[in-house]
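Asks: The structure follows.
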Amino acid sequence: MYYHIKGLVLKSQISAEADKIITVYTHEWGKISAVVPGAKKIKAKLAWAAEPIRENEFLVYAKNGYLRPKVTGAKAINSFTKLFCDWRRFSIAQYCAEIMDVLTPFNSENARKYELLSRTWNLLETSKYPWRIFSAFVLRFLNLSGYSFTEFLKRNKHLVNNPERELIGKLSNMPGEDVDKLFPLESRIETNIKQAIDSYLSMYLPRKLCSKEFCEKIIATE
């Protein structure tokens, strides 16, 4: 049967001679993997649809729920063009995508997670403080996954001081467009918050993420 699904492309890898397999977080089915025939070829009709950090509407063919669907058509919803023009912001967007991929099971639909990642990629295009947007994304994603950092801090108050704990609470709940408007923070405080979030996140990651290592190198050069 053929299905129309809306999805955020998290990653892409080569399969067979000319095909690619994409990991997509879909609005309808949650995380899935799908085959994009011939996408390895530069002039392939659907090569663009297999690129990560894109939001597309896909037409897929699936025989049954146990076989990987095949992409037969696609229409761009959001190409996040500004991210592709800034490799630092693009790297943070990839970091978000890898967290979503590694910590999300297949075929577990969650519309709020979908909207969270889509909105985060949008905000990263123009945000004055992209790392602050990333921290807000991680906190919200962990909340939706049942691993609330703010609840963890209530039981482990010694890990951060009161002002930092209050700021973490704000980042967890305020609308994404207001994150940039949060009053200027001392670099020391912002660094402490990011390190606390990273430390908590690492408790649930099965391995060190490639995108994290790359982003750390970026931070070292800033």
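Chain identifiers are assigned as A, B, and so on, following the order in which chains appear in the structure tokens; residues are numbered from 1 within each chain, and ligands are numbered from 1 in order of appearance.
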What's around segment 125-133 of chain A at 8 Å? Count only C-alpha atoms, leave out sequence neighbours fewer than 4 positions away in its own chain, and write the answer as a PDB file with all heavy atoms, in the first residue's frame.
Replies:
```
ATOM      1  N   PHE A  80      15.437  24.130   5.644  1.00  0.00           N
ATOM      2  CA  PHE A  80      16.323  24.721   6.649  1.00  0.00           C
ATOM      3  C   PHE A  80      17.598  25.267   5.989  1.00  0.00           C
ATOM      4  O   PHE A  80      18.721  24.974   6.401  1.00  0.00           O
ATOM      5  CB  PHE A  80      16.665  23.692   7.728  1.00  0.00           C
ATOM      6  CG  PHE A  80      15.458  23.131   8.420  1.00  0.00           C
ATOM      7  CD1 PHE A  80      14.980  21.865   8.101  1.00  0.00           C
ATOM      8  CD2 PHE A  80      14.768  23.878   9.375  1.00  0.00           C
ATOM      9  CE1 PHE A  80      13.849  21.347   8.727  1.00  0.00           C
ATOM     10  CE2 PHE A  80      13.628  23.371  10.001  1.00  0.00           C
ATOM     11  CZ  PHE A  80      13.178  22.102   9.676  1.00  0.00           C
ATOM     12  N   LYS A  82      19.119  28.097   5.893  1.00  0.00           N
ATOM     13  CA  LYS A  82      20.081  28.906   6.651  1.00  0.00           C
ATOM     14  C   LYS A  82      21.039  28.041   7.466  1.00  0.00           C
ATOM     15  O   LYS A  82      22.173  28.449   7.727  1.00  0.00           O
ATOM     16  CB  LYS A  82      19.337  29.892   7.558  1.00  0.00           C
ATOM     17  CG  LYS A  82      18.585  30.969   6.792  1.00  0.00           C
ATOM     18  CD  LYS A  82      17.854  31.914   7.734  1.00  0.00           C
ATOM     19  CE  LYS A  82      17.081  32.967   6.965  1.00  0.00           C
ATOM     20  NZ  LYS A  82      16.310  33.872   7.868  1.00  0.00           N
ATOM     21  N   LEU A  83      20.588  26.858   7.887  1.00  0.00           N
ATOM     22  CA  LEU A  83      21.486  25.958   8.618  1.00  0.00           C
ATOM     23  C   LEU A  83      22.604  25.465   7.723  1.00  0.00           C
ATOM     24  O   LEU A  83      23.741  25.297   8.166  1.00  0.00           O
ATOM     25  CB  LEU A  83      20.700  24.767   9.183  1.00  0.00           C
ATOM     26  CG  LEU A  83      19.703  25.054  10.311  1.00  0.00           C
ATOM     27  CD1 LEU A  83      19.007  23.776  10.736  1.00  0.00           C
ATOM     28  CD2 LEU A  83      20.417  25.682  11.508  1.00  0.00           C
ATOM     29  N   ARG A  89      25.945  26.057  13.176  1.00  0.00           N
ATOM     30  CA  ARG A  89      24.534  25.826  13.482  1.00  0.00           C
ATOM     31  C   ARG A  89      24.074  24.470  12.933  1.00  0.00           C
ATOM     32  O   ARG A  89      23.284  23.774  13.571  1.00  0.00           O
ATOM     33  CB  ARG A  89      23.678  26.957  12.902  1.00  0.00           C
ATOM     34  CG  ARG A  89      23.925  28.309  13.577  1.00  0.00           C
ATOM     35  CD  ARG A  89      23.176  29.431  12.860  1.00  0.00           C
ATOM     36  NE  ARG A  89      23.528  30.720  13.436  1.00  0.00           N
ATOM     37  CZ  ARG A  89      22.870  31.311  14.437  1.00  0.00           C
ATOM     38  NH1 ARG A  89      21.812  30.724  14.953  1.00  0.00           N
ATOM     39  NH2 ARG A  89      23.258  32.473  14.903  1.00  0.00           N
ATOM     40  N   ILE A  92      25.064  21.726  15.294  1.00  0.00           N
ATOM     41  CA  ILE A  92      24.189  21.639  16.466  1.00  0.00           C
ATOM     42  C   ILE A  92      22.873  20.956  16.078  1.00  0.00           C
ATOM     43  O   ILE A  92      22.330  20.142  16.836  1.00  0.00           O
ATOM     44  CB  ILE A  92      23.926  23.029  17.061  1.00  0.00           C
ATOM     45  CG1 ILE A  92      25.248  23.667  17.536  1.00  0.00           C
ATOM     46  CG2 ILE A  92      22.934  22.947  18.226  1.00  0.00           C
ATOM     47  CD1 ILE A  92      25.130  25.115  17.959  1.00  0.00           C
ATOM     48  N   THR A 120      12.933  23.288  16.839  1.00  0.00           N
ATOM     49  CA  THR A 120      14.320  23.545  17.222  1.00  0.00           C
ATOM     50  C   THR A 120      15.168  23.855  15.999  1.00  0.00           C
ATOM     51  O   THR A 120      15.967  24.803  16.010  1.00  0.00           O
ATOM     52  CB  THR A 120      14.902  22.333  17.973  1.00  0.00           C
ATOM     53  OG1 THR A 120      14.177  22.148  19.193  1.00  0.00           O
ATOM     54  CG2 THR A 120      16.376  22.542  18.297  1.00  0.00           C
ATOM     55  N   TRP A 121      15.018  23.080  14.943  1.00  0.00           N
ATOM     56  CA  TRP A 121      15.775  23.353  13.717  1.00  0.00           C
ATOM     57  C   TRP A 121      15.429  24.733  13.163  1.00  0.00           C
ATOM     58  O   TRP A 121      16.312  25.455  12.686  1.00  0.00           O
ATOM     59  CB  TRP A 121      15.486  22.274  12.674  1.00  0.00           C
ATOM     60  CG  TRP A 121      16.160  20.963  12.948  1.00  0.00           C
ATOM     61  CD1 TRP A 121      17.096  20.708  13.912  1.00  0.00           C
ATOM     62  CD2 TRP A 121      15.951  19.727  12.257  1.00  0.00           C
ATOM     63  NE1 TRP A 121      17.481  19.387  13.858  1.00  0.00           N
ATOM     64  CE2 TRP A 121      16.805  18.763  12.862  1.00  0.00           C
ATOM     65  CE3 TRP A 121      15.134  19.330  11.207  1.00  0.00           C
ATOM     66  CZ2 TRP A 121      16.851  17.429  12.422  1.00  0.00           C
ATOM     67  CZ3 TRP A 121      15.171  18.014  10.767  1.00  0.00           C
ATOM     68  CH2 TRP A 121      16.030  17.076  11.362  1.00  0.00           C
ATOM     69  N   PHE A 137      16.251  22.337  23.949  1.00  0.00           N
ATOM     70  CA  PHE A 137      15.780  21.141  23.237  1.00  0.00           C
ATOM     71  C   PHE A 137      16.028  19.881  24.060  1.00  0.00           C
ATOM     72  O   PHE A 137      15.127  19.043  24.218  1.00  0.00           O
ATOM     73  CB  PHE A 137      16.499  21.005  21.887  1.00  0.00           C
ATOM     74  CG  PHE A 137      16.386  19.624  21.290  1.00  0.00           C
ATOM     75  CD1 PHE A 137      15.227  19.235  20.632  1.00  0.00           C
ATOM     76  CD2 PHE A 137      17.426  18.706  21.406  1.00  0.00           C
ATOM     77  CE1 PHE A 137      15.103  17.951  20.105  1.00  0.00           C
ATOM     78  CE2 PHE A 137      17.319  17.423  20.883  1.00  0.00           C
ATOM     79  CZ  PHE A 137      16.146  17.046  20.231  1.00  0.00           C
ATOM     80  N   GLY A 176      10.066  28.358  22.958  1.00  0.00           N
ATOM     81  CA  GLY A 176      11.371  28.392  22.296  1.00  0.00           C
ATOM     82  C   GLY A 176      11.770  29.761  21.797  1.00  0.00           C
ATOM     83  O   GLY A 176      12.937  30.155  21.882  1.00  0.00           O
ATOM     84  N   VAL A 179      13.580  31.932  24.372  1.00  0.00           N
ATOM     85  CA  VAL A 179      14.873  31.523  24.926  1.00  0.00           C
ATOM     86  C   VAL A 179      15.935  32.573  24.650  1.00  0.00           C
ATOM     87  O   VAL A 179      16.765  32.896  25.501  1.00  0.00           O
ATOM     88  CB  VAL A 179      15.302  30.147  24.364  1.00  0.00           C
ATOM     89  CG1 VAL A 179      16.731  29.821  24.775  1.00  0.00           C
ATOM     90  CG2 VAL A 179      14.356  29.062  24.847  1.00  0.00           C
ATOM     91  N   ASP A 180      15.923  33.134  23.448  1.00  0.00           N
ATOM     92  CA  ASP A 180      16.889  34.181  23.103  1.00  0.00           C
ATOM     93  C   ASP A 180      16.686  35.430  23.946  1.00  0.00           C
ATOM     94  O   ASP A 180      17.616  36.208  24.144  1.00  0.00           O
ATOM     95  CB  ASP A 180      16.769  34.556  21.626  1.00  0.00           C
ATOM     96  CG  ASP A 180      17.812  33.853  20.775  1.00  0.00           C
ATOM     97  OD1 ASP A 180      18.679  33.170  21.347  1.00  0.00           O
ATOM     98  OD2 ASP A 180      17.771  33.991  19.547  1.00  0.00           O
TER      99      ASP A 180
END
```
Asks: Leaving out Lys6 of chain A and any residue of its chain fewer than 6 positions from it, which residues lie within 9 Å of it when counting only C-alpha atoms, given as a ChimeraX atom specification?
Replies: /A:25-28,55-59,77
Asks: Could those residues be written to a file, using all heavy atoms, as a compact mmCIF listing (two decimals), in the first residue's frame?
Replies:
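What follows is the written file selection_28.txt:
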```txt
# COMPACT_ATOMS: atom_id res chain seq x y z
N TYR A 25 12.17 10.64 11.47
CA TYR A 25 11.18 10.73 12.54
C TYR A 25 9.91 11.27 11.91
O TYR A 25 9.84 12.44 11.54
CB TYR A 25 11.64 11.62 13.69
CG TYR A 25 10.79 11.37 14.92
CD1 TYR A 25 11.13 10.38 15.83
CD2 TYR A 25 9.60 12.06 15.13
CE1 TYR A 25 10.32 10.09 16.93
CE2 TYR A 25 8.79 11.79 16.21
CZ TYR A 25 9.15 10.80 17.11
OH TYR A 25 8.34 10.51 18.17
N THR A 26 8.91 10.40 11.78
CA THR A 26 7.68 10.79 11.11
C THR A 26 6.62 11.24 12.10
O THR A 26 6.60 10.82 13.26
CB THR A 26 7.13 9.61 10.28
OG1 THR A 26 6.61 8.61 11.15
CG2 THR A 26 8.20 9.00 9.39
N HIS A 27 5.74 12.06 11.60
CA HIS A 27 4.64 12.55 12.43
C HIS A 27 3.63 11.44 12.70
O HIS A 27 3.02 11.38 13.77
CB HIS A 27 3.96 13.73 11.72
CG HIS A 27 2.98 14.48 12.57
ND1 HIS A 27 1.65 14.11 12.69
CD2 HIS A 27 3.14 15.56 13.37
CE1 HIS A 27 1.04 14.94 13.50
NE2 HIS A 27 1.91 15.83 13.93
N GLU A 28 3.48 10.53 11.71
CA GLU A 28 2.44 9.50 11.80
C GLU A 28 2.91 8.20 12.48
O GLU A 28 2.13 7.56 13.19
CB GLU A 28 1.93 9.16 10.39
CG GLU A 28 1.23 10.31 9.69
CD GLU A 28 2.18 11.32 9.05
OE1 GLU A 28 3.41 11.08 9.08
OE2 GLU A 28 1.70 12.33 8.53
N GLU A 55 12.81 18.56 6.34
CA GLU A 55 11.45 18.12 6.64
C GLU A 55 10.73 17.94 5.31
O GLU A 55 10.61 18.89 4.53
CB GLU A 55 10.71 19.14 7.51
CG GLU A 55 9.31 18.68 7.89
CD GLU A 55 8.61 19.66 8.83
OE1 GLU A 55 9.04 20.83 8.90
OE2 GLU A 55 7.63 19.25 9.49
N ASN A 56 10.29 16.72 5.04
CA ASN A 56 9.67 16.41 3.76
C ASN A 56 8.34 15.70 3.96
O ASN A 56 8.09 15.08 5.00
CB ASN A 56 10.57 15.47 2.93
CG ASN A 56 11.95 16.05 2.66
OD1 ASN A 56 12.09 17.25 2.44
ND2 ASN A 56 12.96 15.21 2.70
N GLU A 57 7.53 15.76 2.93
CA GLU A 57 6.36 14.89 2.85
C GLU A 57 6.74 13.76 1.90
O GLU A 57 7.14 14.00 0.76
CB GLU A 57 5.15 15.64 2.31
CG GLU A 57 3.89 14.77 2.25
CD GLU A 57 2.70 15.50 1.68
OE1 GLU A 57 2.47 16.66 2.09
OE2 GLU A 57 2.00 14.93 0.83
N PHE A 58 6.66 12.54 2.38
CA PHE A 58 7.07 11.38 1.59
C PHE A 58 5.86 10.58 1.13
O PHE A 58 4.87 10.45 1.85
CB PHE A 58 7.96 10.44 2.42
CG PHE A 58 9.28 11.03 2.81
CD1 PHE A 58 9.47 11.57 4.08
CD2 PHE A 58 10.36 11.02 1.93
CE1 PHE A 58 10.68 12.10 4.46
CE2 PHE A 58 11.58 11.55 2.31
CZ PHE A 58 11.75 12.09 3.57
N LEU A 59 5.98 10.03 -0.08
CA LEU A 59 5.06 9.00 -0.54
C LEU A 59 5.84 7.69 -0.46
O LEU A 59 6.89 7.56 -1.10
CB LEU A 59 4.61 9.26 -1.97
CG LEU A 59 3.69 8.18 -2.60
CD1 LEU A 59 2.39 8.08 -1.83
CD2 LEU A 59 3.44 8.47 -4.07
N ILE A 77 9.02 20.26 2.63
CA ILE A 77 8.23 21.12 3.50
C ILE A 77 9.10 22.24 4.05
O ILE A 77 8.73 23.41 4.02
CB ILE A 77 7.63 20.31 4.68
CG1 ILE A 77 6.67 19.25 4.16
CG2 ILE A 77 6.91 21.24 5.66
CD1 ILE A 77 6.13 18.33 5.24
```
Asks: Apply DSSP to the backbone of this structure and, from chain A, keep only the residues in strand (DSSP E); write these as a ChimeraX atom specification.
Replies: /A:2-15,19-26,30-36,55-61,70-78
Asks: Could you check the closest approach to Glu216 of chain A for each of A:Lys70, A:Lys154, A:Lys194, A:Arg165 and tell me which residue wins, using only C-alpha atoms?
Replies: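 The answer is A:Lys194, which sits nearest to Glu216 of chain A.
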Asks: Do you have the atom CA of Ile22 of chain A-atom CA of Arg88 of chain A distance handy?
Replies: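 Computed distance, atom CA of Ile22 of chain A to atom CA of Arg88 of chain A, equals 22.8 Å.
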Asks: Out of segment 143-206 of chain A, which residues get alpha helix (DSSP H) from DSSP, as a PyMOL selection string?
Replies: chain A and resi 143-144+149-155+162-173+187-202
Asks: Out of A:Ile189, A:Glu51, A:Tyr200, A:Asn110, which residue has the shortest atom-to-atom distance to Gln94 of chain A when counting only C-alpha atoms?
Replies: A:Glu51
Asks: A:Ala18, A:Leu153, A:Met203, A:Ala93: which is nearest Cys215 of chain A, counting only C-alpha atoms?
Replies: A:Ala93
Asks: Could you jot down the atom CA of Met174 of chain A to atom CA of Gly7 of chain A separation for me, Å, one decimal place?
Replies: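 Interatomic distance here is 25.3 Å.
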Asks: With a distance cut-off of 6 Å and only C-alpha atoms, select the neighbouring residues of segment 138-141 of chain A, excluding the residue or stretch itself and same-chain residues fewer than 3 positions from it, and output the selection as a list of chain:residue names.
Replies: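 What passes the distance filter is A:Ser135, A:Leu144, A:Ser172.
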Asks: Pull C-alpha atoms from the residues just selected and write them as a PDB file, in the first residue's frame.
Replies:
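Result file is again.pdb:
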```pdb
ATOM      1  CA  SER A 135      20.027  23.099  25.883  1.00  0.00           C
ATOM      2  CA  LEU A 144       8.949  13.951  26.849  1.00  0.00           C
ATOM      3  CA  SER A 172      12.611  23.554  30.367  1.00  0.00           C
TER       4      SER A 172
END
```
Asks: Distance atom CA of Met1 of chain A-atom CA of Val71 of chain A, one decimal place?
Replies: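 Calculated distance between atom CA of Met1 of chain A and atom CA of Val71 of chain A is 11.9 Å.
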Asks: Ser15 of chain A: which residues within 10 Å, counting only C-alpha atoms, same-chain residues fewer than 3 positions away excluded, as a PyMOL selection string?
Replies: chain A and resi 12+18-22+35-40
Asks: Leaving out Ser145 of chain A and any residue of its chain fewer than 6 positions from it, which residues lie within 12 Å of it when counting only C-alpha atoms, given as a PyMOL selection string?
Replies: chain A and resi 99-100+103-105+108-110+112-113+138-139+201+204
Asks: Only C-alpha atoms, please: the residues just picked out, written as a short mmCIF file (atom, residue, chain, number, x, y, z; two decimals), in the first residue's frame.
Replies:
```cif
data_model
loop_
_atom_site.label_atom_id
_atom_site.label_comp_id
_atom_site.auth_asym_id
_atom_site.auth_seq_id
_atom_site.Cartn_x
_atom_site.Cartn_y
_atom_site.Cartn_z
CA ILE A 99 20.04 12.49 20.21
CA MET A 100 16.56 11.96 18.78
CA LEU A 103 17.21 7.73 22.37
CA THR A 104 14.04 7.03 20.41
CA PRO A 105 12.75 3.50 19.67
CA SER A 108 6.81 4.85 18.64
CA GLU A 109 4.81 7.86 17.46
CA ASN A 110 4.97 11.08 19.49
CA ARG A 112 5.15 16.45 20.50
CA LYS A 113 8.67 15.12 19.86
CA VAL A 138 17.58 18.53 25.36
CA LEU A 139 15.62 19.47 28.48
CA LEU A 201 22.21 13.30 29.15
CA TYR A 204 21.21 7.63 29.04
#
```
